[in-house]
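Chemist: File follows, work22.tsv with TSV, C-alpha atoms and all ligand atoms:
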```
chain	number	residue	atom	x	y	z
A	1	MET	CA	83.01	97.31	100.16
A	2	LYS	CA	85.13	94.20	99.62
A	3	LEU	CA	88.38	94.55	97.73
A	4	ILE	CA	91.29	92.30	96.92
A	5	LEU	CA	94.71	93.83	96.31
A	6	LEU	CA	96.72	91.61	94.03
A	7	GLY	CA	100.33	92.04	93.03
A	8	PRO	CA	103.82	90.64	93.54
A	9	PRO	CA	105.81	91.25	96.72
A	10	GLY	CA	107.01	94.85	96.72
A	11	SER	CA	104.27	96.12	94.40
A	12	GLY	CA	102.83	98.45	97.05
A	13	LYS	CA	99.80	96.44	98.21
A	14	GLY	CA	100.57	97.10	101.87
A	15	THR	CA	100.90	100.88	101.48
A	16	GLN	CA	97.79	101.19	99.33
A	17	SER	CA	95.68	98.93	101.50
A	18	ARG	CA	96.55	101.05	104.54
A	19	LEU	CA	95.50	104.21	102.66
A	20	LEU	CA	92.27	102.57	101.50
A	21	CYS	CA	91.42	101.36	104.99
A	22	GLU	CA	91.90	104.84	106.40
A	23	LYS	CA	89.73	106.36	103.71
A	24	LEU	CA	86.98	103.72	103.81
A	25	GLY	CA	87.06	102.89	107.52
A	26	LEU	CA	87.42	99.19	106.78
A	27	PRO	CA	89.83	96.61	108.23
A	28	GLN	CA	92.99	95.82	106.32
A	29	ILE	CA	93.53	92.09	106.35
A	30	SER	CA	97.16	91.42	105.58
A	31	THR	CA	97.84	87.71	105.78
A	32	GLY	CA	101.60	88.42	105.80
A	33	ASP	CA	101.19	90.69	108.87
A	34	ILE	CA	98.99	88.14	110.65
A	35	LEU	CA	101.60	85.41	110.08
A	36	ARG	CA	104.52	87.63	111.10
A	37	GLU	CA	102.75	88.63	114.31
A	38	ALA	CA	101.99	84.98	115.09
A	39	ARG	CA	105.67	84.20	114.54
A	40	GLN	CA	106.79	87.00	116.85
A	41	ARG	CA	104.40	85.89	119.58
A	42	ARG	CA	105.50	82.27	119.14
A	43	THR	CA	101.90	81.02	118.85
A	44	ALA	CA	101.09	77.57	117.43
A	45	LEU	CA	100.25	79.19	114.07
A	46	GLY	CA	103.53	81.12	114.17
A	47	LYS	CA	105.59	78.00	114.81
A	48	LYS	CA	103.80	76.03	112.10
A	49	THR	CA	104.25	78.68	109.41
A	50	GLU	CA	107.66	80.19	110.25
A	51	GLY	CA	109.67	77.88	107.98
A	52	TYR	CA	107.57	78.65	104.92
A	53	ILE	CA	107.86	82.40	105.42
A	54	THR	CA	111.62	82.54	106.00
A	55	GLN	CA	112.16	80.40	102.91
A	56	GLY	CA	109.87	82.53	100.78
A	57	GLN	CA	107.40	79.71	100.21
A	58	LEU	CA	103.64	79.86	100.42
A	59	VAL	CA	101.93	78.57	103.54
A	60	PRO	CA	99.69	75.57	102.66
A	61	ASP	CA	96.19	76.46	101.45
A	62	ALA	CA	94.37	74.55	104.20
A	63	LEU	CA	96.13	76.57	106.92
A	64	MET	CA	95.51	79.88	105.15
A	65	LEU	CA	91.87	79.09	104.54
A	66	ALA	CA	91.25	78.18	108.18
A	67	LEU	CA	92.99	81.37	109.30
A	68	MET	CA	90.95	83.52	106.93
A	69	GLU	CA	87.67	81.88	107.84
A	70	GLU	CA	88.30	82.81	111.46
A	71	ARG	CA	89.41	86.35	110.61
A	72	LEU	CA	86.54	87.11	108.22
A	73	ASN	CA	84.00	85.92	110.76
A	74	GLN	CA	85.04	88.68	113.15
A	75	LYS	CA	82.64	91.51	113.66
A	76	ASP	CA	84.79	94.24	112.13
A	77	CYS	CA	84.52	92.52	108.73
A	78	GLN	CA	80.76	92.83	108.49
A	79	ALA	CA	80.78	96.06	106.50
A	80	GLY	CA	83.62	94.93	104.24
A	81	TYR	CA	87.39	94.59	104.14
A	82	ILE	CA	90.53	95.09	102.13
A	83	LEU	CA	92.43	91.88	101.48
A	84	ASP	CA	96.17	92.31	101.15
A	85	GLY	CA	97.98	89.07	100.34
A	86	PHE	CA	94.98	86.74	100.07
A	87	PRO	CA	94.02	84.87	97.96
A	88	ARG	CA	97.38	83.79	96.60
A	89	THR	CA	96.56	80.54	94.82
A	90	VAL	CA	93.75	79.44	92.52
A	91	ALA	CA	92.54	77.05	95.26
A	92	GLN	CA	92.34	79.91	97.80
A	93	ALA	CA	90.46	82.08	95.30
A	94	LYS	CA	88.00	79.30	94.55
A	95	GLU	CA	87.31	78.66	98.22
A	96	PHE	CA	86.93	82.38	98.91
A	97	ASP	CA	84.55	82.73	96.00
A	98	ASP	CA	82.44	79.82	97.31
A	99	ARG	CA	82.36	81.49	100.73
A	100	LEU	CA	81.08	84.75	99.24
A	101	GLU	CA	78.47	82.96	97.18
A	102	HIS	CA	77.31	80.91	100.13
A	103	ARG	CA	76.75	84.12	102.08
A	104	GLY	CA	75.13	85.99	99.20
A	105	GLU	CA	78.00	88.50	99.16
A	106	THR	CA	79.93	89.97	96.26
A	107	LEU	CA	83.39	91.29	95.69
A	108	ASN	CA	83.57	94.88	94.43
A	109	ALA	CA	86.92	94.78	92.66
A	110	VAL	CA	90.37	93.24	92.44
A	111	ILE	CA	93.11	95.83	92.15
A	112	ASN	CA	96.08	94.39	90.27
A	113	PHE	CA	99.41	96.21	90.68
A	114	LEU	CA	101.78	96.19	87.71
A	115	VAL	CA	105.42	96.94	88.56
A	116	PRO	CA	108.54	96.01	86.52
A	117	HIS	CA	110.66	93.17	87.90
A	118	GLU	CA	113.85	95.25	88.46
A	119	GLU	CA	111.85	97.83	90.40
A	120	LEU	CA	110.35	95.13	92.64
A	121	VAL	CA	113.82	93.76	93.44
A	122	LYS	CA	115.09	97.25	94.24
A	123	ARG	CA	112.14	97.98	96.50
A	124	LEU	CA	112.38	94.68	98.37
A	125	THR	CA	116.15	94.64	98.94
A	126	GLY	CA	116.07	98.20	100.34
A	127	ARG	CA	113.05	97.70	102.57
A	128	ARG	CA	113.57	98.06	106.35
A	129	GLN	CA	111.14	97.97	109.26
A	130	CYS	CA	111.17	99.19	112.84
A	131	LYS	CA	111.26	96.45	115.47
A	132	GLY	CA	109.44	98.69	117.90
A	133	CYS	CA	106.54	100.35	116.06
A	134	GLY	CA	106.55	98.54	112.70
A	135	ALA	CA	107.12	101.74	110.65
A	136	GLY	CA	108.42	101.06	107.15
A	137	TYR	CA	111.51	102.60	105.51
A	138	HIS	CA	113.55	102.19	102.35
A	139	LEU	CA	117.30	102.71	102.25
A	140	GLU	CA	117.03	104.79	99.07
A	141	TYR	CA	113.42	105.96	98.67
A	142	ALA	CA	112.50	106.68	102.30
A	143	PRO	CA	115.63	106.52	104.49
A	144	PRO	CA	115.49	107.23	108.22
A	145	GLN	CA	117.30	110.34	109.48
A	146	ARG	CA	119.78	108.25	111.44
A	147	ARG	CA	121.00	105.05	109.85
A	148	GLY	CA	119.33	101.98	111.36
A	149	VAL	CA	117.15	104.01	113.77
A	150	CYS	CA	113.41	104.67	113.53
A	151	ASP	CA	112.49	108.38	113.20
A	152	ARG	CA	109.20	107.80	114.99
A	153	CYS	CA	110.13	105.80	118.09
A	154	GLY	CA	113.94	105.41	118.09
A	155	GLY	CA	113.57	101.62	117.61
A	156	VAL	CA	116.04	99.46	115.71
A	157	LEU	CA	115.43	98.93	111.99
A	158	PHE	CA	115.74	95.42	110.59
A	159	GLN	CA	115.41	93.63	107.28
A	160	ARG	CA	112.75	90.93	106.97
A	161	ASP	CA	114.31	87.46	106.49
A	162	ASP	CA	112.33	87.01	103.32
A	163	ASP	CA	113.56	90.36	101.90
A	164	LYS	CA	117.12	89.06	101.65
A	165	ALA	CA	118.35	88.91	98.06
A	166	GLU	CA	118.44	85.11	97.84
A	167	THR	CA	114.81	84.75	98.93
A	168	ILE	CA	113.41	87.59	96.84
A	169	GLU	CA	113.84	85.93	93.45
A	170	LYS	CA	112.20	82.81	94.85
A	171	ARG	CA	109.18	84.79	96.11
A	172	LEU	CA	108.83	86.57	92.78
A	173	ALA	CA	109.00	83.26	90.89
A	174	ILE	CA	106.36	81.74	93.19
A	175	TYR	CA	104.16	84.76	92.58
A	176	GLN	CA	104.51	84.32	88.85
A	177	ASP	CA	103.80	80.63	89.03
A	178	GLN	CA	101.07	80.36	91.68
A	179	THR	CA	99.45	83.77	92.13
A	180	SER	CA	99.55	85.54	88.77
A	181	PRO	CA	97.03	83.05	87.24
A	182	LEU	CA	94.45	84.78	89.49
A	183	THR	CA	94.53	87.82	87.21
A	184	GLY	CA	92.90	85.70	84.47
A	185	VAL	CA	90.32	84.35	86.91
A	186	TYR	CA	89.27	87.83	88.05
A	187	GLU	CA	89.46	89.33	84.59
A	188	ARG	CA	86.96	86.75	83.37
A	189	ALA	CA	84.77	87.63	86.35
A	190	GLY	CA	84.86	91.28	85.23
A	191	LEU	CA	86.46	92.39	88.50
A	192	LEU	CA	90.07	93.11	87.56
A	193	LYS	CA	91.35	96.71	87.64
A	194	ASN	CA	94.93	97.03	86.46
A	195	ILE	CA	96.95	99.80	88.09
A	196	ILE	CA	100.47	100.83	87.10
A	197	GLY	CA	102.14	100.70	90.50
A	198	VAL	CA	104.94	103.22	89.90
A	199	GLY	CA	105.03	106.99	90.31
A	200	GLY	CA	104.43	107.82	93.97
A	201	SER	CA	101.94	106.43	96.45
A	202	GLU	CA	99.54	109.40	96.33
A	203	LEU	CA	99.18	109.22	92.57
A	204	ILE	CA	98.63	105.46	92.72
A	205	PHE	CA	96.05	105.93	95.46
A	206	ARG	CA	94.13	108.44	93.32
A	207	LYS	CA	94.14	105.99	90.41
A	208	ILE	CA	92.69	103.28	92.64
A	209	LEU	CA	89.95	105.57	93.97
A	210	HIS	CA	89.07	106.42	90.39
A	211	GLU	CA	88.91	102.74	89.40
A	212	ILE	CA	86.54	101.90	92.26
A	213	GLY	CA	84.32	104.89	91.54
A	214	LEU	CA	85.28	107.01	94.53
A	215	SER	CA	86.66	110.07	92.76
A	301	LIG	P1	103.58	89.12	102.44
A	301	LIG	O1	103.94	90.01	103.56
A	301	LIG	O2	102.19	89.30	101.93
A	301	LIG	O3	104.61	89.14	101.32
A	301	LIG	O4	103.60	87.61	103.02
A	301	LIG	C1	104.76	87.09	103.61
A	301	LIG	C2	104.73	85.56	103.55
A	301	LIG	O5	103.59	85.07	104.25
A	301	LIG	C3	104.61	84.95	102.16
A	301	LIG	O6	105.84	84.89	101.48
A	301	LIG	C4	104.05	83.58	102.50
A	301	LIG	O7	105.05	82.74	103.03
A	301	LIG	C5	103.07	83.90	103.61
A	301	LIG	N1	101.72	84.21	103.10
A	301	LIG	C6	101.05	85.39	103.21
A	301	LIG	N2	99.84	85.31	102.65
A	301	LIG	C7	99.73	84.04	102.17
A	301	LIG	C8	98.70	83.33	101.47
A	301	LIG	N3	97.52	83.92	101.15
A	301	LIG	N4	98.94	82.05	101.13
A	301	LIG	C9	100.09	81.44	101.44
A	301	LIG	N5	101.11	82.04	102.09
A	301	LIG	C10	100.93	83.34	102.46
```
Represent the structure from my file as structure tokens, please.
Ligand code: AMP
Modeler:
Amino acid sequence: MKLILLGPPGSGKGTQSRLLCEKLGLPQISTGDILREARQRRTALGKKTEGYITQGQLVPDALMLALMEERLNQKDCQAGYILDGFPRTVAQAKEFDDRLEHRGETLNAVINFLVPHEELVKRLTGRRQCKGCGAGYHLEYAPPQRRGVCDRCGGVLFQRDDDKAETIEKRLAIYQDQTSPLTGVYERAGLLKNIIGVGGSELIFRKILHEIGLS
């Protein structure tokens, strides 16, 4: 199965793609995670893309497409994958579509998360992550037991640079401008499944399974 999860930052793509990967036994390909890891390890890719990420801008298409070509050619992608954060521009979608066609493959569905703007801002500003194990928290919705400390491993919690208030509005505007046109593209292709992304992650997960015919 090949799925794309589409939605603005903070809409729950990461959480739902992890649940889907567990259920389907497929790799979760989060371009944001790949870029953050490259940044942490100070690789050439990390150094090239760091500025875009911290400023909330999109990484250029050519770089993203090269990265994805390499990732999708890996063995674990043969049976399918869940894409979280790619494609993010019409040019990326077009190139990805050409790649599928060239290989005689098809996409099963594009899950589009709908979440009100104020809710997205609230989710993103409160989001925290563990430096040690990567576990996710939210100051209001899922706080750690001890402030600033990971429940799982005792690591320090931090806020992503691009989750700071000044960058969030920029990321949401870029989504609106550059990524949201993809909903029209996939709707015309008959692949778009709209999901209201509020109301608890288990409920949302059940709605997705229903949309893709697995419940
Ligand atoms: P995310 O964790 O998905 O919100 O991604 C974090 C950041 O990584 C984005 O704000 C972009 O700077 C960059 N990024 C991730 N995926 C893409 C993509 N498909 N195209 C361009 N930039 C991306």
Chemist: Set out as a Markdown table a contact list for chain A and ligand LIG 301 (chain A) with a cut-off of 8 Å, giving each residue of chain A that qualifies its closest atom pair and distance in Å to one decimal, counting only C-alpha atoms and all ligand atoms, ordered by chain and rising residue number.
Modeler:
```
| residue | atom | partner | partner_atom | distance |
| --- | --- | --- | --- | --- |
| A:Pro8 | CA | A:LIG301 | O3 | 8.0 |
| A:Pro9 | CA | A:LIG301 | O3 | 5.2 |
| A:Gly10 | CA | A:LIG301 | O3 | 7.7 |
| A:Gly14 | CA | A:LIG301 | O2 | 8.0 |
| A:Ser30 | CA | A:LIG301 | O2 | 6.6 |
| A:Thr31 | CA | A:LIG301 | N2 | 4.4 |
| A:Gly32 | CA | A:LIG301 | O4 | 3.5 |
| A:Asp33 | CA | A:LIG301 | O1 | 6.0 |
| A:Leu35 | CA | A:LIG301 | O5 | 6.2 |
| A:Arg36 | CA | A:LIG301 | O5 | 7.4 |
| A:Thr49 | CA | A:LIG301 | O7 | 7.6 |
| A:Tyr52 | CA | A:LIG301 | O7 | 5.2 |
| A:Ile53 | CA | A:LIG301 | O7 | 3.7 |
| A:Thr54 | CA | A:LIG301 | O7 | 7.2 |
| A:Gln55 | CA | A:LIG301 | O7 | 7.5 |
| A:Gly56 | CA | A:LIG301 | O6 | 4.7 |
| A:Gln57 | CA | A:LIG301 | O7 | 4.8 |
| A:Leu58 | CA | A:LIG301 | N5 | 3.7 |
| A:Val59 | CA | A:LIG301 | N5 | 3.8 |
| A:Pro60 | CA | A:LIG301 | C9 | 6.0 |
| A:Asp61 | CA | A:LIG301 | N4 | 6.2 |
| A:Met64 | CA | A:LIG301 | N4 | 5.7 |
| A:Asp84 | CA | A:LIG301 | O2 | 6.8 |
| A:Gly85 | CA | A:LIG301 | O2 | 4.5 |
| A:Phe86 | CA | A:LIG301 | N3 | 3.9 |
| A:Pro87 | CA | A:LIG301 | N3 | 4.8 |
| A:Arg88 | CA | A:LIG301 | N3 | 4.6 |
| A:Thr89 | CA | A:LIG301 | N4 | 6.9 |
| A:Gln92 | CA | A:LIG301 | N3 | 7.4 |
| A:Asp162 | CA | A:LIG301 | O6 | 7.1 |
| A:Arg171 | CA | A:LIG301 | O6 | 6.3 |
```
Chemist: Could you name the residues that touch Asp163 in chain A at 6 Å or less, counting all atoms listed in the file, but leaving out those on the same chain fewer than 5 positions away, as an MDAnalysis selection string?
Modeler: chainID A and resid 124:125 168
Chemist: For Ile29 in chain A, find every residue with an atom within 10 Å (counting all atoms listed in the file), except residues of its own chain fewer than 4 positions away, and show them as number ranges by chain.
Modeler: A: 4, 14, 17-18, 21, 33-34, 68, 71-72, 77, 81-86
Chemist: What lies within 10 Å of Gly148 in chain A using all atoms listed in the file, ignoring chain neighbours under 2 positions off, as a ChimeraX atom specification?
Modeler: /A:128-130,137,139,143-146,150-151,154-158
Chemist: Which of these residues is nearest to Gln159 in chain A, using all atoms listed in the file: A:Gly136, A:Thr43, A:Ala142, A:Lys94?
Modeler: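 Of all the options, A:Gly136 lies closest to Gln159 in chain A.
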